[in-house]
2 protein chains.
Amino acid sequence: MKKSIPCDMAYRLINHGPVILVSTLYRGKRNVCTIAWVTPVDSDLVALVVSEENYTFRSIRETGEFVLNIPDRSLVKKVVICGSVSGEACDKFSMAGLTSVRARRVAAPLVKECIAHLECVLIKGEERLAREYNLFIARVVAASAEKGLFTTRWNVRLPRAKTLHHLGGNVFAVPSGRIVK
Amino acid sequence: MKKSIPCDMAYRLINHGPVILVSTLYRGKRNVCTIAWVTPVDSDLVALVVSEENYTFRSIRETGEFVLNIPDRSLVKKVVICGSVSGEACDKFSMAGLTSVRARRVAAPLVKECIAHLECVLIKGEERLAREYNLFIARVVAASAEKGLFTTRWNVRLPRAKTLHHLGGNVFAVPSGRIVK
């Protein structure tokens, strides 16, 4: 069960650096792709980098929309599949065994199995950044997270809140103990 | 003991989303500041966001240089100090008990106690991004990491390789087990 998160709290969902499944809908075709290169830019703004060779790059550029979905460690096999296969010639949702559900504010679907979602709309006028750096800047227009895992921050002690953090290749770390200064 | 890392492997140092200590040197004054909003943009390019109210923002804009230093969990108190005090009127290195040492390719100092360093030079012509989004894009011109902790990726099982991942407020996660798909 997911609960809505205020957009100006959305940065807290990705602040600790989890791997992301980016979902898109382009010309009626859903797609999902793994990325690690994303950061908050403001409380409700994100920057993400997607290789221009990826089908997802074209989907975002043409539609101006996408969803950042946060997988937990139980989805690691699906995360690797979504990061190693192109979605141009297949349905990666089906191939990876993921479920698409309707988002609230964008046409791109949510990845149901993920523990949080940030629905995003590109900031207009930044096309040059995509051309030069494969970099997109987008506003979060809706956000949600699994009830009980995220209050004002992730409770990473809970097994379902163990996000994946990309170390390289097919190797990931997961967050453990919280340190409270 | 630190070893040199090829610049095109530098993204692997920050790929998993650790908190960063950004160090600068501006008009002879060293400074250090905690940030969480950073991502690779390419193998040897980074994007980072620094509040325009921070002394570090002005230091980077005026000098075009900075170092991303990666602290491990043993430095959490210093990380919180560097994230909550302005360096304009004090020497934060002294205040936090951190040591500055000379970098290889930039005038900004390294934070000796950190386990890795990315020496960075701003990409020219992107001043508008700093004005509009507090966003800097920079090239890594030298990188190094503590021997034994990082080969082609972090070995987060080692106690000294436990980076800090910001959950919000003064609460951080640390990476534990590696998952190899």
# chains A, B, ... in the order shown; residues from 1 in each chain; ligands from 1
$ calpha_fit_and_write --fixed "chain B" --moving "chain A" --output "short mmCIF file (atom, residue, chain, number, x, y, z; two decimals) with C-alpha atoms, in the first residue's frame"
data_model
loop_
_atom_site.label_atom_id
_atom_site.label_comp_id
_atom_site.auth_asym_id
_atom_site.auth_seq_id
_atom_site.Cartn_x
_atom_site.Cartn_y
_atom_site.Cartn_z
CA MET A 1 47.99 5.34 1.93
CA LYS A 2 46.17 6.51 -1.20
CA LYS A 3 46.57 5.23 -4.72
CA SER A 4 45.80 7.03 -7.94
CA ILE A 5 42.56 6.09 -9.74
CA PRO A 6 42.17 6.68 -13.51
CA CYS A 7 39.88 9.68 -14.08
CA ASP A 8 37.54 7.60 -16.23
CA MET A 9 36.98 5.32 -13.22
CA ALA A 10 36.19 8.23 -10.91
CA TYR A 11 32.43 7.80 -11.27
CA ARG A 12 32.74 4.46 -9.47
CA LEU A 13 33.85 6.30 -6.35
CA ILE A 14 30.52 8.14 -6.04
CA ASN A 15 28.20 5.80 -7.94
CA HIS A 16 26.56 4.41 -4.80
CA GLY A 17 25.53 7.82 -3.49
CA PRO A 18 27.83 8.70 -0.57
CA VAL A 19 27.81 12.01 1.27
CA ILE A 20 30.66 14.25 0.15
CA LEU A 21 32.92 16.81 1.79
CA VAL A 22 33.59 19.51 -0.82
CA SER A 23 36.81 21.38 -0.24
CA THR A 24 37.78 24.71 -1.80
CA LEU A 25 40.46 27.40 -1.68
CA TYR A 26 39.29 30.95 -2.34
CA ARG A 27 41.48 34.03 -1.83
CA GLY A 28 43.85 31.99 0.29
CA LYS A 29 41.09 30.67 2.54
CA ARG A 30 40.46 26.92 2.73
CA ASN A 31 36.96 25.66 3.35
CA VAL A 32 35.04 22.39 3.54
CA CYS A 33 31.30 21.77 3.26
CA THR A 34 29.03 18.70 3.38
CA ILE A 35 26.81 17.92 0.38
CA ALA A 36 24.68 14.98 -0.69
CA TRP A 37 23.47 16.17 -4.07
CA VAL A 38 26.04 14.91 -6.55
CA THR A 39 25.99 12.46 -9.43
CA PRO A 40 28.30 11.27 -12.16
CA VAL A 41 27.38 12.72 -15.57
CA ASP A 42 29.99 10.71 -17.46
CA SER A 43 32.90 8.50 -16.42
CA ASP A 44 34.98 11.60 -15.63
CA LEU A 45 32.27 14.28 -15.29
CA VAL A 46 30.24 15.14 -12.21
CA ALA A 47 27.26 17.37 -11.43
CA LEU A 48 26.82 18.79 -7.96
CA VAL A 49 24.39 21.14 -6.31
CA VAL A 50 25.50 23.62 -3.67
CA SER A 51 23.15 26.15 -2.08
CA GLU A 52 23.93 29.64 -3.32
CA GLU A 53 23.86 30.79 0.29
CA ASN A 54 26.93 28.67 1.03
CA TYR A 55 30.41 30.14 1.06
CA THR A 56 31.39 27.05 -0.95
CA PHE A 57 29.08 28.14 -3.78
CA ARG A 58 30.95 31.41 -4.17
CA SER A 59 34.33 29.70 -3.81
CA ILE A 60 33.57 27.25 -6.62
CA ARG A 61 32.08 29.90 -8.89
CA GLU A 62 35.02 32.26 -8.45
CA THR A 63 37.87 29.72 -8.60
CA GLY A 64 36.36 27.10 -10.92
CA GLU A 65 37.84 24.32 -8.80
CA PHE A 66 36.98 22.02 -5.92
CA VAL A 67 37.66 18.56 -4.52
CA LEU A 68 35.02 15.94 -3.72
CA ASN A 69 36.26 14.05 -0.66
CA ILE A 70 34.50 10.88 0.51
CA PRO A 71 34.27 10.45 4.29
CA ASP A 72 33.73 7.09 5.97
CA ARG A 73 31.42 6.55 8.93
CA SER A 74 34.10 7.34 11.49
CA LEU A 75 33.90 10.98 10.34
CA VAL A 76 30.15 11.39 10.91
CA LYS A 77 30.51 14.09 13.60
CA LYS A 78 32.82 16.12 11.39
CA VAL A 79 30.45 15.64 8.45
CA VAL A 80 27.57 17.09 10.49
CA ILE A 81 29.70 20.04 11.65
CA CYS A 82 30.77 20.77 8.06
CA GLY A 83 27.12 20.66 6.98
CA SER A 84 25.76 22.96 9.65
CA VAL A 85 28.29 25.79 10.10
CA SER A 86 29.18 28.45 7.53
CA GLY A 87 32.85 28.66 6.62
CA GLU A 88 32.74 32.35 5.86
CA ALA A 89 33.70 33.55 9.33
CA CYS A 90 35.76 30.59 10.60
CA ASP A 91 38.20 27.90 9.55
CA LYS A 92 36.01 24.82 9.30
CA PHE A 93 38.98 22.49 8.87
CA SER A 94 40.18 23.53 12.34
CA MET A 95 36.70 23.61 13.82
CA ALA A 96 35.91 20.07 12.62
CA GLY A 97 39.39 18.71 13.32
CA LEU A 98 40.15 17.96 9.67
CA THR A 99 43.51 18.19 7.91
CA SER A 100 44.07 19.85 4.53
CA VAL A 101 46.77 18.48 2.26
CA ARG A 102 47.89 19.56 -1.17
CA ALA A 103 46.01 18.16 -4.17
CA ARG A 104 47.78 17.04 -7.34
CA ARG A 105 46.00 19.06 -10.03
CA VAL A 106 43.98 21.81 -8.34
CA ALA A 107 44.70 24.51 -5.76
CA ALA A 108 41.79 23.38 -3.54
CA PRO A 109 43.08 21.06 -0.78
CA LEU A 110 42.25 17.43 -0.11
CA VAL A 111 40.64 16.42 3.20
CA LYS A 112 43.30 14.00 4.40
CA GLU A 113 41.02 11.94 6.68
CA CYS A 114 38.72 10.99 3.78
CA ILE A 115 39.04 7.68 1.93
CA ALA A 116 38.85 9.05 -1.62
CA HIS A 117 39.26 12.30 -3.52
CA LEU A 118 38.06 13.59 -6.88
CA GLU A 119 39.85 16.78 -7.97
CA CYS A 120 37.50 18.73 -10.21
CA VAL A 121 37.59 21.70 -12.60
CA LEU A 122 34.40 23.41 -13.76
CA ILE A 123 33.29 23.04 -17.35
CA LYS A 124 33.38 26.51 -18.89
CA GLY A 125 30.24 28.16 -20.19
CA GLU A 126 27.79 26.63 -17.72
CA GLU A 127 27.44 29.65 -15.41
CA ARG A 128 23.71 29.84 -16.11
CA LEU A 129 23.18 26.43 -14.49
CA ALA A 130 24.80 27.70 -11.31
CA ARG A 131 22.60 30.80 -11.35
CA GLU A 132 19.36 28.95 -12.09
CA TYR A 133 19.80 25.65 -10.30
CA ASN A 134 22.91 26.03 -8.09
CA LEU A 135 24.25 23.26 -10.31
CA PHE A 136 27.89 22.87 -11.28
CA ILE A 137 29.23 20.51 -13.97
CA ALA A 138 32.90 19.67 -13.61
CA ARG A 139 35.58 17.41 -15.04
CA VAL A 140 37.57 15.10 -12.79
CA VAL A 141 41.25 15.85 -13.42
CA ALA A 142 42.72 13.55 -10.73
CA ALA A 143 41.32 10.90 -8.41
CA SER A 144 42.64 8.73 -5.62
CA ALA A 145 41.37 6.27 -3.01
CA GLU A 146 42.65 4.47 0.06
CA LYS A 147 44.60 1.36 -0.91
CA GLY A 148 42.77 -1.88 -0.29
CA LEU A 149 39.30 -0.32 -0.05
CA PHE A 150 38.74 0.36 -3.75
CA THR A 151 39.93 -1.75 -6.65
CA THR A 152 37.60 -1.32 -9.61
CA ARG A 153 34.77 -0.83 -7.09
CA TRP A 154 34.36 -0.21 -3.34
CA ASN A 155 34.60 -3.21 -1.06
CA VAL A 156 31.90 -2.01 1.32
CA ARG A 157 32.33 -5.05 3.56
CA LEU A 158 35.51 -3.47 4.93
CA PRO A 159 34.90 -1.23 7.98
CA ARG A 160 36.91 1.67 6.54
CA ALA A 161 34.87 1.56 3.29
CA LYS A 162 31.57 2.26 5.08
CA THR A 163 30.53 5.50 3.42
CA LEU A 164 27.71 7.71 4.75
CA HIS A 165 24.41 7.98 2.86
CA HIS A 166 22.18 10.86 3.89
CA LEU A 167 18.64 9.91 4.92
CA GLY A 168 17.68 13.39 6.18
CA GLY A 169 18.50 15.57 9.17
CA ASN A 170 21.49 14.12 10.97
CA VAL A 171 20.61 10.54 10.06
CA PHE A 172 22.73 8.44 7.71
CA ALA A 173 22.76 4.91 6.38
CA VAL A 174 25.93 2.92 5.76
CA PRO A 175 26.34 0.25 3.08
CA SER A 176 26.55 -3.33 4.22
CA GLY A 177 26.55 -6.57 2.27
CA ARG A 178 27.28 -6.63 -1.40
CA ILE A 179 24.80 -8.30 -3.69
CA VAL A 180 26.32 -9.88 -6.76
CA LYS A 181 23.72 -10.75 -9.33
#
$ select_by_dssp --residues "range 4-169 of chain B" --states "helix (DSSP H, G or I)" --output "MDAnalysis selection string"
chainID B and resid 7:9 11:14 55:63 73:84 92:96 127:133 159:161
$ select_by_dssp --residues "chain A" --states "strand (DSSP E or B)" --output "ChimeraX atom specification"
/A:2-5,20-26,29-35,38-42,45-49,65-70,72,100-101,110-111,116-122,135-146,150,154,163,165-168,171-180
